[in-house]
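Student: Starting off with a structure, shown below.
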Amino acid sequence: MTAHLRSVLWGWGLGLVTLVLPLSQGLAQRVREASPPNIIVFLVDDLGWQDTQLPLAEAPSALNRRYRTPNQLALAAGGMRFTDFYAAAPVCSPTRVTLITGQSPLRTRVTNWTQRENEETSEPYPLVLPPDWNRNGISPHPAAHAFTGPMLPQLLHDAGYRTIHVGKAHWGAVGTAGADPLQLGFDVNIGGSGAGQPGSYLGTRNYSEGTVSARFRDVPGLERYHGTDTFLTEALTLEANRAIDEAVVRRQPFFLHLAHFAVHTPIEADPRFVQRYLDAGLPPVEARYASLIEGVDKSLGDVLANVERHGLTANTIVLFLSDNGGLAAHTRAAPLHVQNAPLRSGKGSAYEGGIRVPLVVKWPDHVTAGAVTHAPTITDDIFPTLLDVAGVPDAAKQTRGMIGRNLRGLLTGTARDTLPAAAHRPLLWHYPHFWGVNGPGIEPFSAIREGPYKLIYFYGTQRFELYNLSTDLGETTDLIASHRAEAARLATQLRTALHRTGAQMPIDARTHRALDIPALR
């Protein structure tokens, strides 16, 4: 072959590559756009708003500098962080039920955490009794003291998704159908049951407390790791990646609900990370807590690395969030109730520390990298958003009448992101229970936030409190006396919403009549 001929052929080859490469890239892009996106909900138990290296306040705090969470930082750098995102409740089960049903605790009547079948988990409180709430959580079919309705995993399964649950479930009480994720629409269940915490994080203890009375807290489905040094967070991560691999082999889009037991009690040290925090001089319990946080961050990184290995990053939406505010009332090192600062109080409380939580969403080519939103949003919004993202048929029908809103426009920049625009959509909380640990705001309450204003009504002392969160994030100055008209308007709105949704009200222990939100003048 002459040099001239080789040159001609080489030129033709380059021309062909130049023509074909953009076509193939364009085809790949169209295939990605036509395929339903994979969905990962990465839910961390009891993770507080400040339990991350990722700043969610105006400036990094001392707590942000304490923790090491590089994968959360990377996720936010490639997606959107929410500074004003809220859990649907200050404790776990109600929020978790809201996430997979789209219904507020006001409607599901799952207003407290569940445990054994028909068991009352509310602690006694002076002069206030809990309502007859759905103590069994949710159920796939009509059942006593349980909520039944369309559920996210079943809807996604019916739309062709491989639905995977890994970790803590806690949607239904032990001994009920709702305790089994496989009965709620999941194809795979690893570790999920009616337990709200693990018996232990240690593989050497078989993830068990070891007592008969606490046997229901043993984590199922992890027998291959029994007797090993594999920490629970790592075992769940390995199983989540195994389930992703299987979905890829099946050529199915997947919905992975990876719900870590960490950072819930028992606060046991993740041996992979604890020493760095001990060396930094943290009290032992705080070093153990920080190691749990870093462990779930490593899990996030490992799962996303596996998604990348399969070439699925561009067509995967990832949500990183928590089910309620961080633990601050017990177990932690003294002083208590400041573990979520600058937010006030923590888990179980009506104050911001009990309900404001992290949310980061990454969706390549849809969500602008490094975006930040201050729009007030809540767990109720996840269900309608994911149905839309997944292209579920009749999604609008499934979400009709829900309090939550579809955040897709906010995520993609096609909706306004301002507090005035969000002011017309109030956020609501209803916790007619006493969690059982004394602390600021830890008592039966209902609350409403509209724009910057948040109104709380405490049933036990029959008092209102009003705060302007735009100027007083720590809820230090009660404006109830100076902003009476604003408080009265919000009180009326809160009472109307409770009545409209049929929320069950706490009971006056003296009269045995349902309490109500009084009018303010």
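Here's how to read the names in the structure tokens: chain A, B, ... by the order shown, residue numbers from 1 in each chain, ligand numbers from 1 in the order shown.
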Please provide the set of residues having any atom within 7 Å of Gly167 in chain A, restricted to only C-alpha atoms, with same-chain residues fewer than 3 positions apart removed, written as a ChimeraX atom specification.
Tutor: /A:190-192,236,258-261
Student: Restrict the selected residues to N, CA and C atoms and save them as a PDB file, in the first residue's frame.
Tutor:
ATOM      1  N   ILE A 190     -33.306  -6.367  52.713  1.00  0.00           N
ATOM      2  CA  ILE A 190     -32.118  -6.760  53.465  1.00  0.00           C
ATOM      3  C   ILE A 190     -32.082  -5.921  54.733  1.00  0.00           C
ATOM      4  N   GLY A 191     -32.387  -6.540  55.853  1.00  0.00           N
ATOM      5  CA  GLY A 191     -32.256  -5.864  57.144  1.00  0.00           C
ATOM      6  C   GLY A 191     -33.505  -5.187  57.649  1.00  0.00           C
ATOM      7  N   GLY A 192     -34.547  -5.084  56.843  1.00  0.00           N
ATOM      8  CA  GLY A 192     -35.722  -4.319  57.235  1.00  0.00           C
ATOM      9  C   GLY A 192     -36.717  -5.132  58.043  1.00  0.00           C
ATOM     10  N   LEU A 236     -24.389  -3.445  55.342  1.00  0.00           N
ATOM     11  CA  LEU A 236     -25.526  -2.960  54.560  1.00  0.00           C
ATOM     12  C   LEU A 236     -25.061  -2.355  53.236  1.00  0.00           C
ATOM     13  N   LEU A 258     -31.910   2.927  50.681  1.00  0.00           N
ATOM     14  CA  LEU A 258     -30.832   2.539  51.603  1.00  0.00           C
ATOM     15  C   LEU A 258     -30.977   3.369  52.868  1.00  0.00           C
ATOM     16  N   ALA A 259     -31.497   2.724  53.904  1.00  0.00           N
ATOM     17  CA  ALA A 259     -31.851   3.428  55.142  1.00  0.00           C
ATOM     18  C   ALA A 259     -30.982   2.905  56.283  1.00  0.00           C
ATOM     19  N   HIS A 260     -29.893   3.577  56.525  1.00  0.00           N
ATOM     20  CA  HIS A 260     -28.955   3.107  57.547  1.00  0.00           C
ATOM     21  C   HIS A 260     -29.535   3.222  58.951  1.00  0.00           C
ATOM     22  N   PHE A 261     -29.192   2.260  59.794  1.00  0.00           N
ATOM     23  CA  PHE A 261     -29.553   2.359  61.210  1.00  0.00           C
ATOM     24  C   PHE A 261     -28.761   3.476  61.876  1.00  0.00           C
TER      25      PHE A 261
END
Student: Name the residues in contact with Leu473 in chain A at a cut-off of 9 Å, using only C-alpha atoms, excluding same-chain residues fewer than 6 positions from it; report them as a PDB file with N, CA, C and O atoms, in the first residue's frame.
Tutor:
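Once written, around-v2.pdb looks like this:
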ATOM      1  N   PRO A 342     -26.568  25.938  65.457  1.00  0.00           N
ATOM      2  CA  PRO A 342     -27.374  26.985  66.098  1.00  0.00           C
ATOM      3  C   PRO A 342     -28.856  26.678  66.258  1.00  0.00           C
ATOM      4  O   PRO A 342     -29.601  27.518  66.765  1.00  0.00           O
ATOM      5  N   LEU A 343     -29.318  25.507  65.808  1.00  0.00           N
ATOM      6  CA  LEU A 343     -30.716  25.156  66.011  1.00  0.00           C
ATOM      7  C   LEU A 343     -30.954  24.808  67.474  1.00  0.00           C
ATOM      8  O   LEU A 343     -30.061  24.316  68.167  1.00  0.00           O
ATOM      9  N   ARG A 344     -32.185  25.030  67.920  1.00  0.00           N
ATOM     10  CA  ARG A 344     -32.546  24.785  69.309  1.00  0.00           C
ATOM     11  C   ARG A 344     -33.033  23.349  69.495  1.00  0.00           C
ATOM     12  O   ARG A 344     -33.811  22.842  68.707  1.00  0.00           O
ATOM     13  N   GLU A 352     -36.523  23.815  65.950  1.00  0.00           N
ATOM     14  CA  GLU A 352     -35.856  23.487  64.686  1.00  0.00           C
ATOM     15  C   GLU A 352     -34.903  22.304  64.791  1.00  0.00           C
ATOM     16  O   GLU A 352     -34.751  21.527  63.848  1.00  0.00           O
ATOM     17  N   TYR A 467     -41.961  32.540  66.138  1.00  0.00           N
ATOM     18  CA  TYR A 467     -40.572  32.901  65.843  1.00  0.00           C
ATOM     19  C   TYR A 467     -40.438  33.328  64.385  1.00  0.00           C
ATOM     20  O   TYR A 467     -41.147  32.833  63.515  1.00  0.00           O
TER      21      TYR A 467
END
Student: Residues of range 51-90 of chain A in strand (DSSP E or B) according to DSSP, as a ChimeraX atom specification?
Tutor: /A:80-82,85-86
Student: Excluding same-chain residues fewer than 5 positions from Met402 in chain A, what lies within 12 Å of it counting only C-alpha atoms, as number ranges by chain?
Tutor: A: 98, 101-108, 379-385, 395-397, 501
Student: Please list as a list in words every residue within 7 Å of His374 in chain A, counting only C-alpha atoms and excluding residues in the same chain fewer than 4 positions away.
Tutor: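 Close residues of His374 in chain A: Phe82, Thr83 and Asp84 of chain A.
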Student: Could you write out the selected residues, including N, CA and C atoms, as a CSV table (one decimal), in the first residue's frame?
Tutor:
chain,number,residue,atom,x,y,z
A,82,PHE,N,-30.4,21.8,50.3
A,82,PHE,CA,-31.5,22.4,50.8
A,82,PHE,C,-31.2,22.9,52.2
A,83,THR,N,-31.3,24.2,52.4
A,83,THR,CA,-31.0,24.7,53.8
A,83,THR,C,-32.2,24.7,54.7
A,84,ASP,N,-33.4,24.6,54.1
A,84,ASP,CA,-34.7,24.7,54.9
A,84,ASP,C,-35.6,23.5,54.6
Student: Contacts between range 438-449 of chain A and range 19-115 of chain A, please, where a residue of range 19-115 of chain A counts if it comes within 12 Å (with only C-alpha atoms); show its shortest atom pair and distance in Å to one decimal, rows by chain and ascending number, as JSON lines.
Tutor:
{"residue": "A:Asp84", "atom": "CA", "partner": "A:Arg449", "partner_atom": "CA", "distance": 11.0}
{"residue": "A:Phe85", "atom": "CA", "partner": "A:Arg449", "partner_atom": "CA", "distance": 11.7}
{"residue": "A:Tyr86", "atom": "CA", "partner": "A:Arg449", "partner_atom": "CA", "distance": 10.5}
{"residue": "A:Ala88", "atom": "CA", "partner": "A:Ala447", "partner_atom": "CA", "distance": 11.1}
{"residue": "A:Ala89", "atom": "CA", "partner": "A:Ser446", "partner_atom": "CA", "distance": 10.2}
{"residue": "A:Pro90", "atom": "CA", "partner": "A:Ile442", "partner_atom": "CA", "distance": 9.3}
{"residue": "A:Val91", "atom": "CA", "partner": "A:Ile442", "partner_atom": "CA", "distance": 11.0}
{"residue": "A:Pro105", "atom": "CA", "partner": "A:Ser446", "partner_atom": "CA", "distance": 11.3}
{"residue": "A:Leu106", "atom": "CA", "partner": "A:Ser446", "partner_atom": "CA", "distance": 10.0}
{"residue": "A:Thr111", "atom": "CA", "partner": "A:Pro444", "partner_atom": "CA", "distance": 10.8}
{"residue": "A:Asn112", "atom": "CA", "partner": "A:Pro444", "partner_atom": "CA", "distance": 10.8}
Student: Looking only at alpha helix (DSSP H) from DSSP on the backbone, list the matching residues of range 143-351 of chain A as a PyMOL selection string.
Tutor: chain A and resi 152-158+232-250+274-279+284-309
Student: Go ahead and save the residues from that selection, with C-alpha atoms, as a compact mmCIF listing (two decimals), in the first residue's frame.
Tutor:
# COMPACT_ATOMS: atom_id res chain seq x y z
CA LEU A 152 -43.99 4.38 46.59
CA PRO A 153 -42.18 1.03 46.24
CA GLN A 154 -45.29 -0.69 44.87
CA LEU A 155 -45.97 2.10 42.38
CA LEU A 156 -42.36 2.00 41.19
CA HIS A 157 -42.41 -1.80 41.02
CA ASP A 158 -45.54 -1.65 38.87
CA LEU A 232 -23.30 -2.98 60.35
CA THR A 233 -22.98 0.11 58.15
CA GLU A 234 -20.43 -1.68 55.97
CA ALA A 235 -22.48 -4.89 55.77
CA LEU A 236 -25.53 -2.96 54.56
CA THR A 237 -23.38 -1.12 52.01
CA LEU A 238 -21.95 -4.36 50.61
CA GLU A 239 -25.47 -5.78 50.30
CA ALA A 240 -26.79 -2.60 48.67
CA ASN A 241 -24.07 -2.76 46.03
CA ARG A 242 -24.77 -6.45 45.48
CA ALA A 243 -28.45 -5.59 44.88
CA ILE A 244 -27.47 -2.84 42.43
CA ASP A 245 -25.30 -5.33 40.55
CA GLU A 246 -28.23 -7.72 40.30
CA ALA A 247 -30.54 -4.98 38.97
CA VAL A 248 -27.96 -4.15 36.30
CA VAL A 249 -27.79 -7.81 35.25
CA ARG A 250 -31.59 -7.81 35.02
CA VAL A 274 -13.20 6.36 65.72
CA GLN A 275 -9.52 6.84 66.53
CA ARG A 276 -9.17 10.12 64.62
CA TYR A 277 -11.91 11.67 66.78
CA LEU A 278 -10.44 10.34 70.01
CA ASP A 279 -7.09 11.78 68.96
CA PRO A 284 -15.62 9.09 73.95
CA VAL A 285 -19.36 9.12 73.19
CA GLU A 286 -18.91 12.02 70.76
CA ALA A 287 -16.00 10.24 69.09
CA ARG A 288 -18.19 7.17 68.66
CA TYR A 289 -21.01 9.31 67.28
CA ALA A 290 -18.67 11.02 64.80
CA SER A 291 -17.41 7.62 63.65
CA LEU A 292 -21.00 6.56 62.87
CA ILE A 293 -21.41 9.71 60.78
CA GLU A 294 -18.20 9.09 58.85
CA GLY A 295 -19.26 5.48 58.33
CA VAL A 296 -22.49 6.42 56.56
CA ASP A 297 -20.57 8.97 54.50
CA LYS A 298 -18.19 6.24 53.34
CA SER A 299 -21.23 4.15 52.48
CA LEU A 300 -22.56 6.99 50.32
CA GLY A 301 -19.25 7.15 48.50
CA ASP A 302 -19.04 3.39 48.00
CA VAL A 303 -22.56 3.16 46.58
CA LEU A 304 -22.04 6.08 44.21
CA ALA A 305 -18.71 4.60 43.09
CA ASN A 306 -20.54 1.39 42.19
CA VAL A 307 -23.15 3.34 40.25
CA GLU A 308 -20.31 5.05 38.38
CA ARG A 309 -18.61 1.70 37.72
Student: Would you mind telling me which residue in A:Ala169, A:Val361, A:Ala177, A:Val97 lies nearest to Pro150 in chain A when using only C-alpha atoms?
Tutor: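 Under the stated criterion, the closest residue is A:Val97.
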Student: As an exercise, work out the distance from CA of Arg251 in chain A to CA of Asn315 in chain A in Å and give it to one decimal place.
Tutor: 13.5 Å
Student: Using only C-alpha atoms, find the one residue out of A:Ala179, A:Leu327, A:Ile507, A:Ile267 that sits nearest to Ala146 in chain A.
Tutor: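 That would be A:Ala179, the residue with the smallest distance to Ala146 in chain A.
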Student: In terms of the shortest atom-to-atom distance over only C-alpha atoms, which of A:Val174, A:Tyr351, A:Thr265, A:Val318 is closest to Thr476 in chain A?
Tutor: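 Distance minimum relative to Thr476 in chain A lands on A:Tyr351.
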Student: Quick one: pull the distance between CA of Asn468 in chain A and CA of Tyr453 in chain A, Å, one decimal.
Tutor: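 That distance, rounded to one decimal, is 4.6 Å.
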